[in-house]
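Undergrad: Handing over data_27.cif, mmCIF, C-alpha atoms.
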data_input
#
loop_
_atom_site.label_atom_id
_atom_site.label_comp_id
_atom_site.auth_asym_id
_atom_site.auth_seq_id
_atom_site.Cartn_x
_atom_site.Cartn_y
_atom_site.Cartn_z
CA MET A 141 -164.16 17.56 -36.75
CA THR A 142 -162.77 17.00 -40.25
CA GLY A 143 -159.99 14.78 -38.92
CA GLU A 144 -162.53 12.67 -37.05
CA LEU A 145 -164.50 12.19 -40.27
CA TRP A 146 -161.46 10.88 -42.16
CA HIS A 147 -160.45 8.46 -39.42
CA HIS A 148 -164.03 7.23 -39.06
CA LEU A 149 -164.10 6.63 -42.83
CA ALA A 150 -160.84 4.65 -42.68
CA ALA A 151 -162.19 2.46 -39.88
CA GLN A 152 -165.42 1.75 -41.80
CA VAL A 153 -163.63 1.03 -45.09
CA GLU A 154 -161.13 -1.34 -43.47
CA GLN A 155 -164.03 -3.59 -42.47
CA LEU A 156 -165.35 -3.74 -46.03
CA ASP A 157 -162.28 -3.49 -48.26
CA ALA A 158 -158.85 -4.10 -46.71
CA GLN A 159 -156.88 -2.74 -49.66
CA ALA A 160 -158.89 0.48 -49.89
CA GLY A 161 -158.62 0.86 -46.11
CA ARG A 162 -154.81 0.59 -46.27
CA LEU A 163 -154.68 3.20 -49.02
CA ILE A 164 -156.80 5.62 -46.99
CA ARG A 165 -154.62 5.06 -43.90
CA ARG A 166 -151.52 5.73 -45.98
CA ALA A 167 -153.02 8.95 -47.33
CA LEU A 168 -153.91 10.03 -43.78
CA ALA A 169 -150.36 9.31 -42.58
CA GLU A 170 -148.92 11.49 -45.35
CA HIS A 171 -151.44 14.20 -44.57
CA THR A 172 -150.54 14.36 -40.88
CA ALA A 173 -146.76 14.11 -41.35
CA ALA A 174 -144.58 17.06 -40.36
CA LEU A 175 -144.61 19.92 -42.86
CA ARG A 176 -141.49 19.84 -45.03
CA VAL A 177 -139.83 23.26 -44.91
CA GLN A 178 -136.96 23.91 -47.31
CA VAL A 179 -134.60 26.87 -46.90
CA ALA A 180 -133.02 27.46 -50.30
CA GLY A 181 -130.63 29.90 -51.91
CA ARG A 182 -127.33 30.32 -53.72
CA ALA A 183 -123.96 30.36 -51.96
CA GLY A 184 -123.15 33.68 -50.33
CA THR A 185 -126.76 34.77 -49.87
CA GLY A 186 -126.90 34.10 -46.14
CA ARG A 187 -129.00 30.97 -46.58
CA GLU A 188 -127.33 29.13 -43.69
CA SER A 189 -128.02 32.01 -41.29
CA VAL A 190 -131.66 32.17 -42.38
CA GLU A 191 -131.95 28.40 -41.99
CA THR A 192 -130.76 28.74 -38.40
CA GLN A 193 -133.39 31.42 -37.78
CA VAL A 194 -136.12 29.29 -39.33
CA ARG A 195 -135.16 26.33 -37.16
CA ARG A 196 -135.32 28.51 -34.04
CA VAL A 197 -138.72 29.91 -35.03
CA LEU A 198 -140.05 26.39 -35.61
CA LEU A 199 -138.44 24.95 -32.49
CA HIS A 200 -141.53 25.87 -30.48
CA ARG A 201 -143.80 24.65 -33.32
CA LEU A 202 -146.06 26.88 -35.37
CA ASP A 203 -149.45 27.71 -33.89
CA ILE A 204 -151.84 27.64 -36.83
CA GLU A 205 -155.56 28.32 -36.55
CA GLY A 206 -155.80 26.87 -33.06
CA GLY A 207 -153.55 23.86 -33.60
CA GLU A 208 -149.85 23.21 -33.42
CA VAL A 209 -148.07 21.87 -36.48
CA ASP A 210 -144.76 20.02 -36.57
CA ALA A 211 -142.26 21.01 -39.23
CA ALA A 212 -139.04 19.43 -40.53
CA VAL A 213 -136.44 21.87 -41.92
CA ALA A 214 -133.86 21.12 -44.62
CA GLY A 215 -131.33 23.39 -46.33
CA VAL A 216 -131.11 23.30 -50.13
CA ALA A 217 -128.18 24.80 -52.04
CA VAL A 218 -129.10 26.34 -55.41
CA ASP A 219 -126.85 26.75 -58.45
CA THR A 220 -123.94 24.70 -57.11
CA PRO A 221 -120.99 24.15 -59.50
CA ASP A 222 -121.13 20.66 -61.02
CA GLY A 223 -123.96 19.82 -58.62
CA PRO A 224 -127.46 18.55 -59.43
CA ASP A 225 -130.32 20.96 -59.93
CA ALA A 226 -132.07 21.84 -56.69
CA VAL A 227 -135.44 20.16 -56.19
CA LEU A 228 -137.76 22.52 -54.34
CA ASP A 229 -140.76 20.36 -53.52
CA GLY A 230 -141.35 21.18 -49.86
CA ASP A 231 -144.70 22.08 -48.36
CA LEU A 232 -143.16 25.47 -47.66
CA VAL A 233 -140.08 26.99 -49.34
CA VAL A 234 -138.10 29.81 -47.71
CA TYR A 235 -136.05 31.25 -50.56
CA VAL A 236 -133.15 33.56 -49.75
CA VAL A 237 -131.90 36.22 -52.17
CA PRO A 238 -129.29 38.94 -51.57
CA ARG A 239 -129.98 42.64 -51.79
CA ARG A 240 -128.72 43.95 -55.14
CA LEU A 241 -127.91 47.49 -56.24
CA ASP A 242 -130.93 47.27 -58.53
CA PRO A 243 -133.67 45.35 -56.65
CA ALA A 244 -135.51 44.74 -59.91
CA VAL A 245 -132.62 42.65 -61.27
CA VAL A 246 -132.89 38.95 -60.44
CA HIS A 247 -130.12 36.38 -60.80
CA PRO A 248 -131.11 33.86 -63.51
CA ALA A 249 -130.58 30.91 -61.14
CA ASP A 250 -132.93 32.46 -58.58
CA ARG A 251 -135.54 33.14 -61.23
CA ALA A 252 -135.34 29.58 -62.57
CA ALA A 253 -135.51 28.01 -59.10
CA SER A 254 -138.43 30.12 -57.90
CA ALA A 255 -140.36 29.61 -61.13
CA ALA A 256 -140.56 25.88 -60.35
CA VAL A 257 -142.27 26.48 -56.98
CA ASP A 258 -145.96 27.08 -56.35
CA PRO A 259 -145.90 30.77 -55.28
CA ARG A 260 -148.48 30.03 -52.58
CA ARG A 261 -145.81 28.01 -50.75
CA VAL A 262 -143.02 30.63 -50.82
CA VAL A 263 -141.57 32.97 -48.21
CA LEU A 264 -138.95 35.18 -49.88
CA VAL A 265 -136.19 36.44 -47.56
CA VAL A 266 -133.99 39.37 -48.69
CA SER A 267 -130.58 39.35 -47.03
CA GLY A 268 -128.56 42.53 -46.55
CA GLU A 269 -129.67 45.98 -45.51
CA THR A 270 -133.00 46.79 -47.12
CA ASP A 271 -136.37 48.26 -46.22
CA ASP A 272 -139.95 47.20 -46.92
CA ALA A 273 -140.03 49.14 -50.19
CA GLY A 274 -136.87 47.37 -51.35
CA CYS A 275 -138.34 44.01 -50.35
CA ALA A 276 -141.47 44.75 -52.36
CA LEU A 277 -139.37 45.52 -55.45
CA VAL A 278 -137.44 42.26 -55.08
CA GLY A 279 -140.68 40.37 -54.57
CA ARG A 280 -142.20 41.89 -57.67
CA ALA A 281 -139.15 40.90 -59.72
CA MET A 282 -139.38 37.34 -58.33
CA GLY A 283 -143.15 37.12 -58.75
CA VAL A 284 -143.81 36.87 -54.99
CA PRO A 285 -146.58 38.95 -53.30
CA PRO A 286 -145.37 41.65 -50.85
CA ASP A 287 -146.86 39.96 -47.77
CA GLN A 288 -144.65 36.92 -48.49
CA VAL A 289 -141.41 38.93 -48.63
CA VAL A 290 -139.36 39.82 -45.56
CA ALA A 291 -135.94 41.32 -44.83
CA VAL A 292 -133.49 39.59 -42.51
CA ARG A 293 -134.02 41.60 -39.35
CA GLY A 294 -134.40 38.91 -36.72
CA GLU A 295 -136.55 35.88 -36.11
CA GLY A 296 -139.62 37.91 -35.18
CA ARG A 297 -139.98 39.06 -38.77
CA LEU A 298 -140.00 35.48 -40.04
CA ALA A 299 -142.62 34.05 -37.69
CA GLU A 300 -145.69 35.70 -39.23
CA PRO A 301 -145.05 34.90 -42.92
CA LEU A 302 -144.01 31.34 -41.97
CA ALA A 303 -147.25 30.83 -40.07
CA MET A 304 -149.32 32.29 -42.92
CA ARG A 305 -147.70 30.04 -45.53
CA ALA A 306 -148.01 27.02 -43.24
CA VAL A 307 -151.77 27.61 -43.12
CA VAL A 308 -151.81 27.55 -46.92
CA ALA A 309 -149.62 24.44 -47.02
CA ARG A 310 -152.03 22.64 -44.70
CA ARG A 311 -155.00 23.61 -46.86
CA LEU A 312 -153.19 22.31 -49.93
CA ARG A 313 -152.64 19.03 -48.07
CA ASP A 314 -156.34 18.91 -47.25
CA GLU A 315 -157.16 19.29 -50.94
CA GLU A 316 -154.64 16.59 -51.89
CA LEU A 317 -156.06 14.19 -49.29
CA ALA A 318 -159.56 14.65 -50.68
CA ARG A 319 -158.29 14.06 -54.25
CA VAL A 320 -156.37 10.92 -53.27
CA VAL A 321 -159.24 9.39 -51.30
CA ALA A 322 -161.72 10.21 -54.06
CA GLY A 323 -159.54 8.34 -56.56
CA ILE A 324 -159.00 5.13 -54.56
CA PRO A 325 -160.41 2.06 -56.36
CA ALA A 326 -163.16 0.57 -54.22
CA THR A 327 -166.35 -1.46 -54.17
CA PRO A 328 -169.68 0.34 -54.68
CA GLN A 329 -170.42 0.14 -50.95
CA VAL A 330 -167.07 1.73 -50.06
CA ARG A 331 -167.48 4.30 -52.85
CA GLU A 332 -170.77 5.38 -51.28
CA LEU A 333 -169.05 5.84 -47.90
CA VAL A 334 -166.24 7.86 -49.51
CA GLU A 335 -168.62 10.13 -51.38
CA ARG A 336 -170.71 10.70 -48.26
CA THR A 337 -167.57 11.66 -46.29
CA LEU A 338 -166.38 13.98 -49.05
CA ASP A 339 -169.75 15.74 -48.96
CA LEU A 340 -169.49 16.17 -45.18
CA VAL A 341 -165.91 17.46 -45.43
CA GLU A 342 -166.95 19.98 -48.06
CA ARG A 343 -169.66 21.26 -45.72
CA ASP A 344 -167.30 21.39 -42.73
CA PRO A 345 -163.85 22.41 -44.06
CA VAL A 346 -162.28 22.80 -40.62
CA GLU A 347 -158.48 22.85 -40.82
CA PHE A 348 -157.10 19.41 -39.95
CA VAL A 349 -153.95 20.50 -38.12
CA ALA A 350 -154.01 19.05 -34.63
CA VAL A 351 -155.13 15.49 -35.26
CA GLY A 352 -152.37 12.92 -35.48
CA PRO A 353 -152.38 9.35 -36.73
CA ARG A 354 -154.46 6.85 -34.78
#
What do you get writing this file as structure tokens?

TA:
Amino acid sequence: MTGELWHHLAAQVEQLDAQAGRLIRRALAEHTAALRVQVAGRAGTGRESVETQVRRVLLHRLDIEGGEVDAAVAGVAVDTPDGPDAVLDGDLVVYVVPRRLDPAVVHPADRAASAAVDPRRVVLVVSGETDDAGCALVGRAMGVPPDQVVAVRGEGRLAEPLAMRAVVARRLRDEELARVVAGIPATPQVRELVERTLDLVERDPVEFVAVGPR
């Protein structure tokens, strides 16, 4: 329903204000694009192996709140010698850290990288032999809630936290779309249409996950 409202708004606005209509269409295209999933970590943490698992989990597409969502996966190396600082700006960030003798001790590069990411977007993966209690300690040290921390024990363990974070990522995109559309310069007539649609969307915040560009 929400997706239909946005596309109906774009069609109406295009007839009244071509520039505003193009801006709304562009915002809709960005909103419906594949989720950007980054798998990040330092060398030697098992990041590449986790990236392979994430790709396999996402191969069949995530099923989120009744709709399938496409995702594009990219590996990101952190703390590389003489390399640029990692930019973790994905919709969802899978961050890989190794098990340490003291789970409460965090490598400074991991702490700095994770601090730059919205914690709502993070799945923290602990590589090496560890249990749920150990994962919780690592998560606490990294500032990540326990339900977003998982040990590397097969792809089945990754699927649930990935799906949960993808739901959040989609909701954040919904919020961004509403902000962008609300800020588009437009004529009074178009502004009235935009405000009316925003009111309807607020009353019917159905997740816009299965509607593609038209």

Undergrad: Which distance in Å separates CA of Pro248 in chain A and CA of Gly181 in chain A, to one decimal?

TA: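 The value is 12.3 Å.
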
Undergrad: Which is closer to Gly186 in chain A than all the others in A:Val278, A:Val308, A:Ala291, A:Ala214, using only C-alpha atoms?

TA: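 Ranked by minimum distance to Gly186 in chain A, first place goes to A:Ala291.
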
Undergrad: Between A:Val265, A:Ile164, A:Leu198, A:Ile324, which one has atoms that come closest to Val290 in chain A, using only C-alpha atoms?

TA: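 Using only C-alpha atoms, Val290 in chain A sits closest to A:Val265.
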
Undergrad: Select all residues near (-123.1, 36.8, -50.4) (cut-off 12 Å, inclusive, file coordinates), counting only C-alpha atoms, and output them as a list in words.

TA: Gly181, Arg182, Ala183, Gly184, Thr185, Gly186, Arg187, Glu188, Ser189, Val236, Val237, Pro238, Arg239, Arg240, Val266, Ser267 and Gly268 of chain A

Undergrad: I need every residue sitting at most 10 Å from the point (-140.8, 29.7, -49.5) (coordinates as in the file, only C-alpha atoms considered), written as number ranges by chain.

TA: A: 177-180, 228, 230-236, 254, 257-265, 284, 288-289, 301-302, 305-306

Undergrad: Next, write the just-selected residues to a file, as an mmCIF file, in the coordinates of the input, keeping C-alpha atoms as the atom set.

TA:
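Listing of again_1.cif after writing:
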data_model
loop_
_atom_site.group_PDB
_atom_site.id
_atom_site.type_symbol
_atom_site.label_atom_id
_atom_site.label_comp_id
_atom_site.auth_asym_id
_atom_site.auth_seq_id
_atom_site.Cartn_x
_atom_site.Cartn_y
_atom_site.Cartn_z
ATOM 1 C CA VAL A 177 -139.830 23.260 -44.910
ATOM 2 C CA GLN A 178 -136.960 23.910 -47.310
ATOM 3 C CA VAL A 179 -134.600 26.870 -46.900
ATOM 4 C CA ALA A 180 -133.020 27.460 -50.300
ATOM 5 C CA LEU A 228 -137.760 22.520 -54.340
ATOM 6 C CA GLY A 230 -141.350 21.180 -49.860
ATOM 7 C CA ASP A 231 -144.700 22.080 -48.360
ATOM 8 C CA LEU A 232 -143.160 25.470 -47.660
ATOM 9 C CA VAL A 233 -140.080 26.990 -49.340
ATOM 10 C CA VAL A 234 -138.100 29.810 -47.710
ATOM 11 C CA TYR A 235 -136.050 31.250 -50.560
ATOM 12 C CA VAL A 236 -133.150 33.560 -49.750
ATOM 13 C CA SER A 254 -138.430 30.120 -57.900
ATOM 14 C CA VAL A 257 -142.270 26.480 -56.980
ATOM 15 C CA ASP A 258 -145.960 27.080 -56.350
ATOM 16 C CA PRO A 259 -145.900 30.770 -55.280
ATOM 17 C CA ARG A 260 -148.480 30.030 -52.580
ATOM 18 C CA ARG A 261 -145.810 28.010 -50.750
ATOM 19 C CA VAL A 262 -143.020 30.630 -50.820
ATOM 20 C CA VAL A 263 -141.570 32.970 -48.210
ATOM 21 C CA LEU A 264 -138.950 35.180 -49.880
ATOM 22 C CA VAL A 265 -136.190 36.440 -47.560
ATOM 23 C CA VAL A 284 -143.810 36.870 -54.990
ATOM 24 C CA GLN A 288 -144.650 36.920 -48.490
ATOM 25 C CA VAL A 289 -141.410 38.930 -48.630
ATOM 26 C CA PRO A 301 -145.050 34.900 -42.920
ATOM 27 C CA LEU A 302 -144.010 31.340 -41.970
ATOM 28 C CA ARG A 305 -147.700 30.040 -45.530
ATOM 29 C CA ALA A 306 -148.010 27.020 -43.240
#

Undergrad: Selected by the PyMOL selection byres ((chain A and resi 165) around 10) in the shown coordinates: which residues, as a list in words?

TA: Trp146, His147, Leu149, Ala150, Ala151, Val153, Glu154, Gln159, Ala160, Gly161, Arg162, Leu163, Ile164, Arg166, Ala167, Leu168, Ala169, Glu170, His171, Val321, Pro353 and Arg354 of chain A

Undergrad: Expressed in Å to a single decimal, how great is the separation between CA of Met304 in chain A and CA of Gly283 in chain A?

TA: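 So the answer is 17.7 Å.
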
Undergrad: Record the distance separating CA of Val194 in chain A and CA of Val307 in chain A, expressed in Å with one decimal.

TA: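 Computing the Euclidean distance for CA of Val194 in chain A and CA of Val307 in chain A yields 16.2 Å.
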
Undergrad: Using only C-alpha atoms, find the one residue out of A:Val213, A:Asp314, A:Arg280, A:Ala226 that sits nearest to Leu199 in chain A.

TA: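 Among the listed residues, A:Val213 lies closest to Leu199 in chain A.
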
Undergrad: Which of these residues is nearest to Val197 in chain A, using only C-alpha atoms: A:Glu269, A:Gly223, A:Ala299, A:Pro285?

TA: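 Nearest to Val197 in chain A: A:Ala299.
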
Undergrad: Kindly list the centre and edge lengths in Å, rounded to one decimal, for the axis-aligned box that covers all listed atoms of range 157-175 of chain A plus 4 Å on each of its six sides, as lines of an AutoDock Vina configuration file.

TA:
center_x = -153.4
center_y = 7.9
center_z = -45.1
size_x = 25.7
size_y = 32.0
size_z = 17.5
